[in-house]
Amino acid sequence: MTGTSLVVTDLCVEFSGFVAVGGVSFDAHPGEVRFLIGPNGAGKTTCIDAITGLVKGTGSAKLGEKELLGRQVHRIVRLGVGRTFQTASVFDELTVLQNLDIAAGRHRSSTSLLRSRRGTDPSIELALEETGLTGELATPAGILSHGQKQWLEIAMLLVQDAKVLLLDEPVAGMSQDERTATGELLQRIAAKRIVVVVEHDMDFMRRYATRVTVLHQGRVLSQGTVAEVQADPRVQEVYLGTADAMTEG
Ligand SMILES: Nc1ncnc2c1ncn2[C@@H]1O[C@H](COP(=O)(O)OP(=O)(O)OP(=O)(O)O)[C@@H](O)[C@H]1O
């Protein structure tokens with residue numbers, strides 16, 4: 001393990017007295033694809049919301065020496081923590097390049113698109129290559145496939161040089177080919193960054209997770225490698241009878 005880690009300790013989030021996250025601890029390091037799984041309402045998204053400052057949490061979420069909890073959203077972004085949402089939040093009317101320019105903090109008018117290839121900055125070129133979107137530079141984001149929109153969101157985080165990528169259900173609604181491409185993309189970007197994936201798709205988790213944290217009713221039910229959590233009877237019990245039973249596949 002090298003580089004700065006994300007260490008979440010005893011994270012708690014309450015909504016008007018309802019405990020959505022009740023003392024969750026996990027860590028994530030560069031070089032691994034870390035998964036957070038659990039049934040509906042387990043508290044997965046709320047954990048991400050707390051780490052990124054969208055909801056108030058107590059406990060601790062540290063990136064290296066820096067405490068994230070209690071900081072404002074934009075300051076957390078500035079520390080290199082990026083996230084995606086369950087619904088892609090790209091600008092549909094703008095091209096892929098314009099979306100990336102905005103992410104990079106630049107503005108490019110549509111007339112300058114003709115010169116766009118020559119003028120593309122290296123971080124954008126790299127993000128396009130990593131996400132396989134190089135050929136879509138001038139495509140309006142609104143007509144990208146569902147998978148490509150998710151990749152564009154990831155590319156926007158790469159352009160911002162995010163050290164931590166928190167991805168909320170990145171493969172929901174994707175075709176099998178898109179899932180495979182996304183899994184391989186996550187493995188590539190995780191080599192140097194912290195990647196935490198919230199997912200429902202068990203097959204995807206089994207194929208690409210390095211370590212898994214299983215949440216249930218706001219608490220950590222089990223934690224470990226895919227094999228370890230799959231073998232945990234408590235996890236099997238929680239998933240028993242669901243379409244995505246842990247032992248399938
Ligand atoms: N803003 C909010 N106000 C009140 N309750 C909330 C709020 N956000 C989430 N909750 C509740 O907190 C619990 C955890 O929700 P969360 O969205 O984190 O679960 P999840 O594991 O991400 O579920 P899913 O897989 O369905 O997205 C749920 O019971 C949810 O209804």
# chains A, B, ... in the order shown; residues from 1 in each chain; ligands from 1
>>> select_by_dssp(residues="region 31-230 of chain A", states="strand (DSSP E or B)", output="PyMOL selection string")
chain A and resi 33-37+58-63+66-67+81-84+95+140+164-168+194-198+211-216+219-224
>>> residues_around(residues="region 2-10 of chain A", least_positions_apart="5", cutoff="7 Å", atoms="only C-alpha atoms", output="list in words")
Gly23, Val24, Ser25, Phe26, Asp27, Ala28, His29, Pro30, Gly59, Ser60, Ala61, Lys62, Leu63 and Gly64 of chain A
>>> residues_near_ligand(ligand="ligand 1", cutoff="10 Å", atoms="only C-alpha atoms and all ligand atoms", output="ChimeraX atom specification")
/A:13-21,36-50,54-55,86,168-169,198-200,214-218
>>> closest_residue(among="A:Lys192, A:Arg206, A:Lys149, A:Arg71", to="Glu136 (chain A)", atoms="only C-alpha atoms")
A:Lys149
>>> closest_residue(among="A:Asp201, A:Glu130, A:Glu237, A:Glu153", to="Asp92 (chain A)", atoms="only C-alpha atoms")
A:Glu153
>>> residues_around(residues="Val235 (chain A)", least_positions_apart="2", cutoff="8 Å", atoms="only C-alpha atoms", output="PyMOL selection string")
chain A and resi 214+221-222+229-233+237-239+246
>>> write_last_selection(atoms="N, CA and C atoms", output="mmCIF file, in the first residue's frame")
data_model
loop_
_atom_site.group_PDB
_atom_site.id
_atom_site.type_symbol
_atom_site.label_atom_id
_atom_site.label_comp_id
_atom_site.auth_asym_id
_atom_site.auth_seq_id
_atom_site.Cartn_x
_atom_site.Cartn_y
_atom_site.Cartn_z
ATOM 1 N N VAL A 214 -19.776 -4.472 4.142
ATOM 2 C CA VAL A 214 -21.221 -4.697 4.018
ATOM 3 C C VAL A 214 -21.913 -3.917 5.125
ATOM 4 N N LEU A 221 -21.838 -4.731 8.921
ATOM 5 C CA LEU A 221 -22.224 -6.109 9.200
ATOM 6 C C LEU A 221 -21.024 -7.033 9.025
ATOM 7 N N SER A 222 -20.228 -6.739 8.018
ATOM 8 C CA SER A 222 -19.093 -7.604 7.710
ATOM 9 C C SER A 222 -18.102 -6.810 6.873
ATOM 10 N N VAL A 229 -16.492 -12.001 2.892
ATOM 11 C CA VAL A 229 -17.863 -11.531 3.170
ATOM 12 C C VAL A 229 -18.894 -12.503 2.613
ATOM 13 N N GLN A 230 -18.568 -13.158 1.503
ATOM 14 C CA GLN A 230 -19.510 -14.138 0.956
ATOM 15 C C GLN A 230 -19.699 -15.321 1.896
ATOM 16 N N ALA A 231 -18.632 -15.633 2.619
ATOM 17 C CA ALA A 231 -18.697 -16.794 3.520
ATOM 18 C C ALA A 231 -19.313 -16.440 4.873
ATOM 19 N N ASP A 232 -19.568 -15.150 5.101
ATOM 20 C CA ASP A 232 -20.072 -14.714 6.405
ATOM 21 C C ASP A 232 -21.575 -15.032 6.512
ATOM 22 N N PRO A 233 -21.969 -15.862 7.458
ATOM 23 C CA PRO A 233 -23.379 -16.243 7.571
ATOM 24 C C PRO A 233 -24.310 -15.053 7.800
ATOM 25 N N GLU A 237 -27.499 -14.148 5.497
ATOM 26 C CA GLU A 237 -28.833 -13.988 6.075
ATOM 27 C C GLU A 237 -29.509 -12.707 5.564
ATOM 28 N N VAL A 238 -28.738 -11.621 5.537
ATOM 29 C CA VAL A 238 -29.293 -10.343 5.094
ATOM 30 C C VAL A 238 -29.694 -10.393 3.624
ATOM 31 N N TYR A 239 -28.908 -11.120 2.826
ATOM 32 C CA TYR A 239 -29.177 -11.170 1.383
ATOM 33 C C TYR A 239 -30.081 -12.322 0.982
ATOM 34 N N MET A 246 -25.871 -13.279 -2.231
ATOM 35 C CA MET A 246 -24.410 -13.216 -2.212
ATOM 36 C C MET A 246 -23.741 -14.454 -2.790
#
>>> residues_around(residues="Pro122 (chain A)", least_positions_apart="5", cutoff="10 Å", atoms="only C-alpha atoms", output="list of chain:residue names")
A:Ala127, A:Leu128, A:Val159
>>> closest_residue(among="A:Trp151, A:Phe91, A:Phe204, A:Phe85", to="Phe35 (chain A)", atoms="only C-alpha atoms")
A:Phe204
>>> atom_distance(atom1="CA of Val96 (chain A)", atom2="CA of Leu152 (chain A)")
7.1 Å
>>> atom_distance(atom1="CA of Ala191 (chain A)", atom2="CA of Lys163 (chain A)")
11.0 Å
>>> closest_residue(among="A:Glu184, A:Ile124, A:Glu32, A:Thr84", to="Thr210 (chain A)", atoms="only C-alpha atoms")
A:Glu32
>>> closest_residue(among="A:Ser175, A:Thr52, A:Gln148, A:Gln160", to="His74 (chain A)", atoms="only C-alpha atoms")
A:Thr52
>>> residues_around(residues="Val196 (chain A)", least_positions_apart="5", cutoff="7 Å", atoms="only C-alpha atoms", output="VMD selection string")
chain A and resid 33 to 35 165 to 167
>>> write_last_selection(atoms="N, CA and C atoms", output="tab-separated table (two decimals), in the first residue's frame")
chain	number	residue	atom	x	y	z
A	33	VAL	N	-9.82	-1.46	-5.22
A	33	VAL	CA	-11.17	-1.00	-5.55
A	33	VAL	C	-12.05	-1.43	-4.38
A	34	ARG	N	-12.42	-0.44	-3.58
A	34	ARG	CA	-13.10	-0.68	-2.30
A	34	ARG	C	-14.59	-0.59	-2.52
A	35	PHE	N	-15.32	-1.59	-2.09
A	35	PHE	CA	-16.77	-1.58	-2.29
A	35	PHE	C	-17.51	-1.40	-0.97
A	165	LEU	N	-12.11	9.00	-5.32
A	165	LEU	CA	-13.33	8.97	-6.13
A	165	LEU	C	-14.35	8.11	-5.42
A	166	LEU	N	-15.46	8.72	-5.05
A	166	LEU	CA	-16.55	8.02	-4.37
A	166	LEU	C	-17.67	7.87	-5.40
A	167	LEU	N	-17.94	6.65	-5.82
A	167	LEU	CA	-18.82	6.44	-6.97
A	167	LEU	C	-20.09	5.73	-6.52
>>> select_by_dssp(residues="region 3-139 of chain A", states="helix (DSSP H, G or I)", output="PyMOL selection string")
chain A and resi 44-51+73-78+96-103+110-119+122-131+134-136
>>> write_last_selection(atoms="C-alpha atoms", output="PDB file, in the first residue's frame")
ATOM      1  CA  LYS A  44     -24.256   3.595   1.919  1.00  0.00           C
ATOM      2  CA  THR A  45     -25.109   6.860   0.150  1.00  0.00           C
ATOM      3  CA  THR A  46     -25.414   8.670   3.471  1.00  0.00           C
ATOM      4  CA  CYS A  47     -21.818   7.646   4.301  1.00  0.00           C
ATOM      5  CA  ILE A  48     -20.664   9.186   1.010  1.00  0.00           C
ATOM      6  CA  ASP A  49     -22.813  12.270   1.642  1.00  0.00           C
ATOM      7  CA  ALA A  50     -21.186  12.743   5.057  1.00  0.00           C
ATOM      8  CA  ILE A  51     -17.645  12.265   3.739  1.00  0.00           C
ATOM      9  CA  VAL A  73     -18.376  20.913   0.444  1.00  0.00           C
ATOM     10  CA  HIS A  74     -16.118  23.034  -1.802  1.00  0.00           C
ATOM     11  CA  ARG A  75     -13.216  22.731   0.629  1.00  0.00           C
ATOM     12  CA  ILE A  76     -13.559  18.953   0.612  1.00  0.00           C
ATOM     13  CA  VAL A  77     -13.538  19.027  -3.204  1.00  0.00           C
ATOM     14  CA  ARG A  78     -10.394  21.158  -3.045  1.00  0.00           C
ATOM     15  CA  VAL A  96     -17.846  16.192 -23.776  1.00  0.00           C
ATOM     16  CA  LEU A  97     -14.952  18.634 -24.119  1.00  0.00           C
ATOM     17  CA  GLN A  98     -16.958  21.562 -22.758  1.00  0.00           C
ATOM     18  CA  ASN A  99     -18.021  19.460 -19.768  1.00  0.00           C
ATOM     19  CA  LEU A 100     -14.386  18.604 -19.123  1.00  0.00           C
ATOM     20  CA  ASP A 101     -13.341  22.231 -19.541  1.00  0.00           C
ATOM     21  CA  ILE A 102     -15.846  23.247 -16.894  1.00  0.00           C
ATOM     22  CA  ALA A 103     -14.559  20.518 -14.597  1.00  0.00           C
ATOM     23  CA  SER A 110     -18.641  26.380 -29.015  1.00  0.00           C
ATOM     24  CA  THR A 111     -16.908  28.340 -31.825  1.00  0.00           C
ATOM     25  CA  SER A 112     -13.535  27.384 -30.448  1.00  0.00           C
ATOM     26  CA  LEU A 113     -14.462  23.714 -30.708  1.00  0.00           C
ATOM     27  CA  LEU A 114     -12.970  23.632 -34.202  1.00  0.00           C
ATOM     28  CA  ARG A 115      -9.587  24.268 -32.636  1.00  0.00           C
ATOM     29  CA  SER A 116     -10.370  22.033 -29.732  1.00  0.00           C
ATOM     30  CA  ARG A 117      -8.057  19.102 -30.476  1.00  0.00           C
ATOM     31  CA  ARG A 118      -4.996  21.242 -30.714  1.00  0.00           C
ATOM     32  CA  GLY A 119      -5.987  23.270 -27.672  1.00  0.00           C
ATOM     33  CA  PRO A 122      -2.919  17.396 -21.202  1.00  0.00           C
ATOM     34  CA  SER A 123      -5.067  16.550 -18.169  1.00  0.00           C
ATOM     35  CA  ILE A 124      -8.159  16.501 -20.394  1.00  0.00           C
ATOM     36  CA  GLU A 125      -6.427  14.401 -23.057  1.00  0.00           C
ATOM     37  CA  LEU A 126      -5.391  11.931 -20.386  1.00  0.00           C
ATOM     38  CA  ALA A 127      -8.862  11.745 -18.840  1.00  0.00           C
ATOM     39  CA  LEU A 128     -10.393  11.191 -22.284  1.00  0.00           C
ATOM     40  CA  GLU A 129      -7.942   8.395 -23.002  1.00  0.00           C
ATOM     41  CA  GLU A 130      -8.410   6.735 -19.614  1.00  0.00           C
ATOM     42  CA  THR A 131     -12.195   6.720 -19.958  1.00  0.00           C
ATOM     43  CA  THR A 134     -11.386  10.462 -26.963  1.00  0.00           C
ATOM     44  CA  GLY A 135     -13.585   9.884 -30.015  1.00  0.00           C
ATOM     45  CA  GLU A 136     -16.521  11.682 -28.385  1.00  0.00           C
TER      46      GLU A 136
END
>>> closest_residue(among="A:Gly183, A:Arg193, A:Lys56, A:Gly132", to="Ala209 (chain A)", atoms="only C-alpha atoms")
A:Gly183
>>> decode(residues="region 28-167 of chain A", atoms="C-alpha atoms", output="compact mmCIF listing (two decimals), in the first residue's frame")
# COMPACT_ATOMS: atom_id res chain seq x y z
CA ALA A 28 -9.59 2.70 1.64
CA HIS A 29 -6.17 2.90 0.07
CA PRO A 30 -4.78 3.67 -3.38
CA GLY A 31 -4.31 0.45 -5.32
CA GLU A 32 -7.58 -1.20 -4.33
CA VAL A 33 -11.17 -1.00 -5.55
CA ARG A 34 -13.10 -0.68 -2.30
CA PHE A 35 -16.77 -1.58 -2.29
CA LEU A 36 -19.56 -0.51 0.07
CA ILE A 37 -22.56 -2.78 -0.33
CA GLY A 38 -25.76 -3.47 1.56
CA PRO A 39 -29.52 -3.67 1.10
CA ASN A 40 -31.69 -0.63 0.37
CA GLY A 41 -31.53 1.93 3.15
CA ALA A 42 -28.37 0.45 4.67
CA GLY A 43 -26.73 3.88 4.79
CA LYS A 44 -24.26 3.59 1.92
CA THR A 45 -25.11 6.86 0.15
CA THR A 46 -25.41 8.67 3.47
CA CYS A 47 -21.82 7.65 4.30
CA ILE A 48 -20.66 9.19 1.01
CA ASP A 49 -22.81 12.27 1.64
CA ALA A 50 -21.19 12.74 5.06
CA ILE A 51 -17.64 12.27 3.74
CA THR A 52 -18.28 14.86 1.00
CA GLY A 53 -19.93 17.35 3.36
CA LEU A 54 -23.46 17.14 1.95
CA VAL A 55 -24.86 15.99 5.29
CA LYS A 56 -23.52 16.54 8.77
CA GLY A 57 -21.74 13.58 10.32
CA THR A 58 -19.91 12.94 13.56
CA GLY A 59 -16.92 10.71 14.14
CA SER A 60 -14.05 11.07 11.74
CA ALA A 61 -13.26 10.80 8.04
CA LYS A 62 -9.62 11.55 7.43
CA LEU A 63 -7.77 11.87 4.16
CA GLY A 64 -4.21 11.45 5.31
CA GLU A 65 -3.87 13.90 8.19
CA LYS A 66 -6.79 16.08 7.08
CA GLU A 67 -10.15 15.73 8.79
CA LEU A 68 -13.00 16.03 6.26
CA LEU A 69 -15.97 16.14 8.60
CA GLY A 70 -16.99 19.68 9.48
CA ARG A 71 -15.50 21.19 6.32
CA GLN A 72 -17.62 22.85 3.64
CA VAL A 73 -18.38 20.91 0.44
CA HIS A 74 -16.12 23.03 -1.80
CA ARG A 75 -13.22 22.73 0.63
CA ILE A 76 -13.56 18.95 0.61
CA VAL A 77 -13.54 19.03 -3.20
CA ARG A 78 -10.39 21.16 -3.05
CA LEU A 79 -8.71 18.55 -0.88
CA GLY A 80 -9.18 16.15 -3.80
CA VAL A 81 -12.33 14.29 -2.82
CA GLY A 82 -14.70 13.78 -5.76
CA ARG A 83 -17.94 11.89 -6.12
CA THR A 84 -20.52 10.81 -8.63
CA PHE A 85 -24.25 10.49 -8.05
CA GLN A 86 -26.71 7.74 -8.93
CA THR A 87 -27.95 9.94 -11.77
CA ALA A 88 -25.17 11.37 -13.93
CA SER A 89 -24.84 15.11 -13.40
CA VAL A 90 -23.30 16.25 -16.68
CA PHE A 91 -24.42 19.21 -18.79
CA ASP A 92 -26.45 17.54 -21.55
CA GLU A 93 -26.37 20.50 -23.99
CA LEU A 94 -22.60 20.87 -23.77
CA THR A 95 -20.08 18.67 -25.54
CA VAL A 96 -17.85 16.19 -23.78
CA LEU A 97 -14.95 18.63 -24.12
CA GLN A 98 -16.96 21.56 -22.76
CA ASN A 99 -18.02 19.46 -19.77
CA LEU A 100 -14.39 18.60 -19.12
CA ASP A 101 -13.34 22.23 -19.54
CA ILE A 102 -15.85 23.25 -16.89
CA ALA A 103 -14.56 20.52 -14.60
CA ALA A 104 -11.05 21.85 -15.19
CA GLY A 105 -12.26 25.35 -14.35
CA ARG A 106 -11.97 26.66 -17.90
CA HIS A 107 -14.54 27.99 -20.33
CA ARG A 108 -14.49 27.20 -24.02
CA SER A 109 -17.09 28.65 -26.40
CA SER A 110 -18.64 26.38 -29.02
CA THR A 111 -16.91 28.34 -31.82
CA SER A 112 -13.53 27.38 -30.45
CA LEU A 113 -14.46 23.71 -30.71
CA LEU A 114 -12.97 23.63 -34.20
CA ARG A 115 -9.59 24.27 -32.64
CA SER A 116 -10.37 22.03 -29.73
CA ARG A 117 -8.06 19.10 -30.48
CA ARG A 118 -5.00 21.24 -30.71
CA GLY A 119 -5.99 23.27 -27.67
CA THR A 120 -6.92 20.40 -25.37
CA ASP A 121 -4.88 20.49 -22.22
CA PRO A 122 -2.92 17.40 -21.20
CA SER A 123 -5.07 16.55 -18.17
CA ILE A 124 -8.16 16.50 -20.39
CA GLU A 125 -6.43 14.40 -23.06
CA LEU A 126 -5.39 11.93 -20.39
CA ALA A 127 -8.86 11.75 -18.84
CA LEU A 128 -10.39 11.19 -22.28
CA GLU A 129 -7.94 8.40 -23.00
CA GLU A 130 -8.41 6.73 -19.61
CA THR A 131 -12.19 6.72 -19.96
CA GLY A 132 -12.24 5.79 -23.66
CA LEU A 133 -14.03 9.01 -24.65
CA THR A 134 -11.39 10.46 -26.96
CA GLY A 135 -13.58 9.88 -30.02
CA GLU A 136 -16.52 11.68 -28.39
CA LEU A 137 -14.82 15.02 -27.81
CA ALA A 138 -17.37 17.05 -29.80
CA THR A 139 -20.41 14.93 -28.91
CA PRO A 140 -23.10 16.67 -26.86
CA ALA A 141 -23.19 14.87 -23.50
CA GLY A 142 -26.97 14.46 -23.81
CA ILE A 143 -26.63 11.96 -26.65
CA LEU A 144 -23.94 9.82 -25.03
CA SER A 145 -24.96 6.32 -23.97
CA HIS A 146 -25.79 5.83 -20.31
CA GLY A 147 -22.41 4.20 -19.75
CA GLN A 148 -20.54 6.96 -21.53
CA LYS A 149 -22.24 9.58 -19.33
CA GLN A 150 -20.97 7.81 -16.23
CA TRP A 151 -17.49 7.65 -17.75
CA LEU A 152 -17.71 11.37 -18.52
CA GLU A 153 -18.47 12.03 -14.86
CA ILE A 154 -15.45 9.97 -13.89
CA ALA A 155 -13.36 11.83 -16.49
CA MET A 156 -14.49 15.12 -14.90
CA LEU A 157 -13.15 13.91 -11.55
CA LEU A 158 -9.88 12.84 -13.18
CA VAL A 159 -9.50 16.28 -14.78
CA GLN A 160 -9.90 17.80 -11.32
CA ASP A 161 -7.11 15.47 -10.22
CA ALA A 162 -9.31 13.88 -7.54
CA LYS A 163 -7.31 11.74 -5.14
CA VAL A 164 -10.47 10.08 -3.87
CA LEU A 165 -13.33 8.97 -6.13
CA LEU A 166 -16.55 8.02 -4.37
CA LEU A 167 -18.82 6.44 -6.97
